[in-house]
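The block underneath contains the structure these notes are about, expressed in structure tokens.
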Amino acid sequence: MTALIPDQGLSASIPGHGSFSITGNAVDMIEVFGGLLHCYQGSGGCRKQGLYFSRTEPKKPLRCLLHSLSWPGSDSLNEWNQPNHRGIVISVSHELAPKLDGAVLDFGTYNKMQRFVWLSMPAVKGPACTCLRSIGPAAGKRSPCLDDQGIGLSDL
């Protein structure tokens with residue numbers, strides 16, 4: 001399986017909510033994990049909301065319309081046909097969608113673990129978690145860290 005274009009990312013438009021960027025490393029890993037990534041928020045982590053990723057979708061996700069960043073104005077990937085490309089699907093939860101306008105999704109080694117993270121989320125006001133996996137105000141001194149729990153991809 002080959003990536004779309006080495007080191008080239010995608011832009012994901014969320015119907016009714018804006019758009020976010022996906023780095024080339026994240027695109028490559030989404031393909032490795034079977035071409036499907038669902039992004040959602042939940043309780044947990046050192047901040048009020050934990051940011052999670054899954055290889056399965058819930059019943060009513062918001063599916064993103066994907067565009068190549070290398071060809072501005074190109075057709076969406078939903079209509080794009082590239083040999084050896086299996087296609088990818090990225091979806092987000094209804095709760096997370098309004099927070100993702102202008103965000104950047106990446107995959108790399110963060111805090112000594114390989115993982116998906118949100119490098120930036122401009123629509124979220126307030127301090128971000130240093131592990132890039134939680135948002136909102138601090139949840140308290142005894143709140144567990146998502147990194148300590150070793151939570152990676154989960155299946156809903």
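The way I read the labels, and the way they are meant: chains A, B, ... in the order of the structure tokens, residue 1 as the first residue of every chain, and ligand 1 as the first ligand shown, with later ones counted on from there.
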
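Within 12 Å of Lys59 (chain A), once only C-alpha atoms are used and residues closer than 6 positions along the same chain are dropped, the contacting residues are His38, Ser91, Val92, Ser93, His94 and Leu156 of chain A.
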
Taking only C-alpha atoms into account, which of A:Cys129, A:Leu96, A:Val32, A:Leu153 comes nearest Thr56 (chain A)? A:Leu153

Assign secondary structure with DSSP using the backbone only, and return the residues of region 29-70 of chain A in alpha helix (DSSP H) as a list in words. Met29, Ile30, Glu31 and Val32 of chain A

How about saving the chosen residues, C-alpha atoms kept, as a PDB file, in the first residue's frame?
```pdb
ATOM      1  CA  MET A  29      -0.418   5.881   9.336  1.00  0.00           C
ATOM      2  CA  ILE A  30      -4.151   6.082   8.657  1.00  0.00           C
ATOM      3  CA  GLU A  31      -3.489   3.949   5.578  1.00  0.00           C
ATOM      4  CA  VAL A  32      -1.382   1.508   7.628  1.00  0.00           C
TER       5      VAL A  32
END
```

Can you pull out the residues contacting Thr109 (chain A)? Cut-off 12 Å, using only C-alpha atoms, and skip same-chain residues under 4 positions away; I want them as a PyMOL selection string. chain A and resi 25-26+113-117+131-132

Got time to write the residues from that selection, all heavy atoms, as a compact mmCIF listing (two decimals), in the first residue's frame?
```txt
# COMPACT_ATOMS: atom_id res chain seq x y z
N ASN A 25 2.60 12.39 7.56
CA ASN A 25 2.84 11.25 8.47
C ASN A 25 1.53 10.66 8.96
O ASN A 25 1.39 9.44 9.07
CB ASN A 25 3.70 11.68 9.66
CG ASN A 25 5.14 11.90 9.28
OD1 ASN A 25 5.60 11.39 8.27
ND2 ASN A 25 5.84 12.67 10.07
N ALA A 26 0.56 11.51 9.27
CA ALA A 26 -0.74 11.01 9.74
C ALA A 26 -1.46 10.28 8.61
O ALA A 26 -2.06 9.23 8.85
CB ALA A 26 -1.58 12.16 10.27
N MET A 113 6.11 7.82 22.85
CA MET A 113 5.16 6.85 22.27
C MET A 113 4.77 7.33 20.88
O MET A 113 4.58 8.52 20.67
CB MET A 113 3.89 6.75 23.13
CG MET A 113 4.08 6.04 24.44
SD MET A 113 2.52 5.92 25.36
CE MET A 113 1.63 4.75 24.37
N GLN A 114 4.60 6.38 19.94
CA GLN A 114 4.09 6.75 18.63
C GLN A 114 2.58 6.86 18.73
O GLN A 114 1.92 5.97 19.26
CB GLN A 114 4.47 5.72 17.59
CG GLN A 114 5.93 5.77 17.22
CD GLN A 114 6.22 4.95 15.98
OE1 GLN A 114 5.71 3.84 15.82
NE2 GLN A 114 7.02 5.49 15.09
N ARG A 115 2.03 7.98 18.22
CA ARG A 115 0.59 8.22 18.39
C ARG A 115 0.10 9.33 17.47
O ARG A 115 0.88 10.12 16.97
CB ARG A 115 0.31 8.63 19.82
CG ARG A 115 1.01 9.94 20.15
CD ARG A 115 0.87 10.37 21.56
NE ARG A 115 1.57 9.41 22.37
CZ ARG A 115 1.34 9.27 23.66
NH1 ARG A 115 0.48 10.02 24.27
NH2 ARG A 115 2.00 8.38 24.35
N PHE A 116 -1.23 9.36 17.30
CA PHE A 116 -1.88 10.50 16.67
C PHE A 116 -2.03 11.58 17.73
O PHE A 116 -2.35 11.28 18.88
CB PHE A 116 -3.28 10.12 16.15
CG PHE A 116 -3.25 9.25 14.93
CD1 PHE A 116 -3.45 7.89 15.03
CD2 PHE A 116 -3.03 9.79 13.67
CE1 PHE A 116 -3.44 7.07 13.91
CE2 PHE A 116 -3.01 9.00 12.54
CZ PHE A 116 -3.21 7.63 12.66
N VAL A 117 -1.83 12.83 17.34
CA VAL A 117 -2.04 13.96 18.24
C VAL A 117 -2.57 15.14 17.44
O VAL A 117 -2.40 15.22 16.23
CB VAL A 117 -0.74 14.42 18.97
CG1 VAL A 117 -0.20 13.32 19.89
CG2 VAL A 117 0.31 14.87 17.99
N CYS A 131 0.80 16.95 26.39
CA CYS A 131 0.88 15.71 25.62
C CYS A 131 0.06 15.80 24.34
O CYS A 131 0.03 14.86 23.56
CB CYS A 131 0.44 14.50 26.46
SG CYS A 131 -1.33 14.37 26.74
N LEU A 132 -0.64 16.93 24.12
CA LEU A 132 -1.42 17.20 22.91
C LEU A 132 -2.62 16.27 22.77
O LEU A 132 -3.13 16.06 21.68
CB LEU A 132 -0.54 17.11 21.66
CG LEU A 132 0.76 17.93 21.67
CD1 LEU A 132 1.56 17.69 20.41
CD2 LEU A 132 0.46 19.40 21.85
```

So, with only C-alpha atoms as the atoms that count, which of A:Trp118, A:Phe53, A:Phe20, A:Phe33 lies closest to Gly102 (chain A)? A:Phe20

Each region 16-102 of chain A residue no farther than 9 Å from region 136-139 of chain A, nearest pair in Å, only C-alpha atoms, as a Markdown table:
```
| residue | atom | partner | partner_atom | distance |
| --- | --- | --- | --- | --- |
| A:Gly44 | CA | A:Ala139 | CA | 8.4 |
| A:Gly45 | CA | A:Ala139 | CA | 7.6 |
| A:Cys46 | CA | A:Ala139 | CA | 5.6 |
| A:Arg47 | CA | A:Ala138 | CA | 4.3 |
| A:Lys48 | CA | A:Ala139 | CA | 5.0 |
| A:Gln49 | CA | A:Gly136 | CA | 6.2 |
| A:Gly50 | CA | A:Gly136 | CA | 8.9 |
```

Which residues are near Lys112 (chain A)? Cut-off 12 Å, only C-alpha atoms, ignore same chain within fewer than 5 positions. Put them as a CSV table (one decimal) with N, CA, C and O atoms, in the first residue's frame.
```
chain,number,residue,atom,x,y,z
A,131,CYS,N,0.8,17.0,26.4
A,131,CYS,CA,0.9,15.7,25.6
A,131,CYS,C,0.1,15.8,24.3
A,131,CYS,O,0.0,14.9,23.6
A,147,ASP,N,-1.2,9.7,28.9
A,147,ASP,CA,0.0,9.0,28.5
A,147,ASP,C,0.3,7.9,29.5
A,147,ASP,O,0.8,6.9,29.2
A,148,ASP,N,0.1,8.2,30.8
A,148,ASP,CA,0.4,7.2,31.9
A,148,ASP,C,-0.5,5.9,31.6
A,148,ASP,O,0.0,4.8,31.9
A,150,GLY,N,-1.4,4.8,28.8
A,150,GLY,CA,-0.9,4.2,27.6
A,150,GLY,C,-2.0,3.9,26.6
A,150,GLY,O,-2.0,2.9,25.9
```

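Of the listed residues (A:Cys39, A:Ile14, A:Ala97, A:Leu119), A:Cys39 comes nearest to Leu51 (chain A); the distances count only C-alpha atoms.
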
Polymer residues at most 6 Å from Gly9 (chain A), only C-alpha atoms, same-chain spacing of 4 or more positions, as a VMD selection string: chain A and resid 22 to 24 69

Ser13 (chain A): which residues within 8 Å, counting only C-alpha atoms, same-chain residues fewer than 3 positions away excluded, as number ranges by chain? A: 17-20, 64-66

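Nearest to Gly108 (chain A) of all the residues A:Gly140, A:Leu10, A:Asp28, A:Cys145 is A:Asp28, counting only C-alpha atoms.
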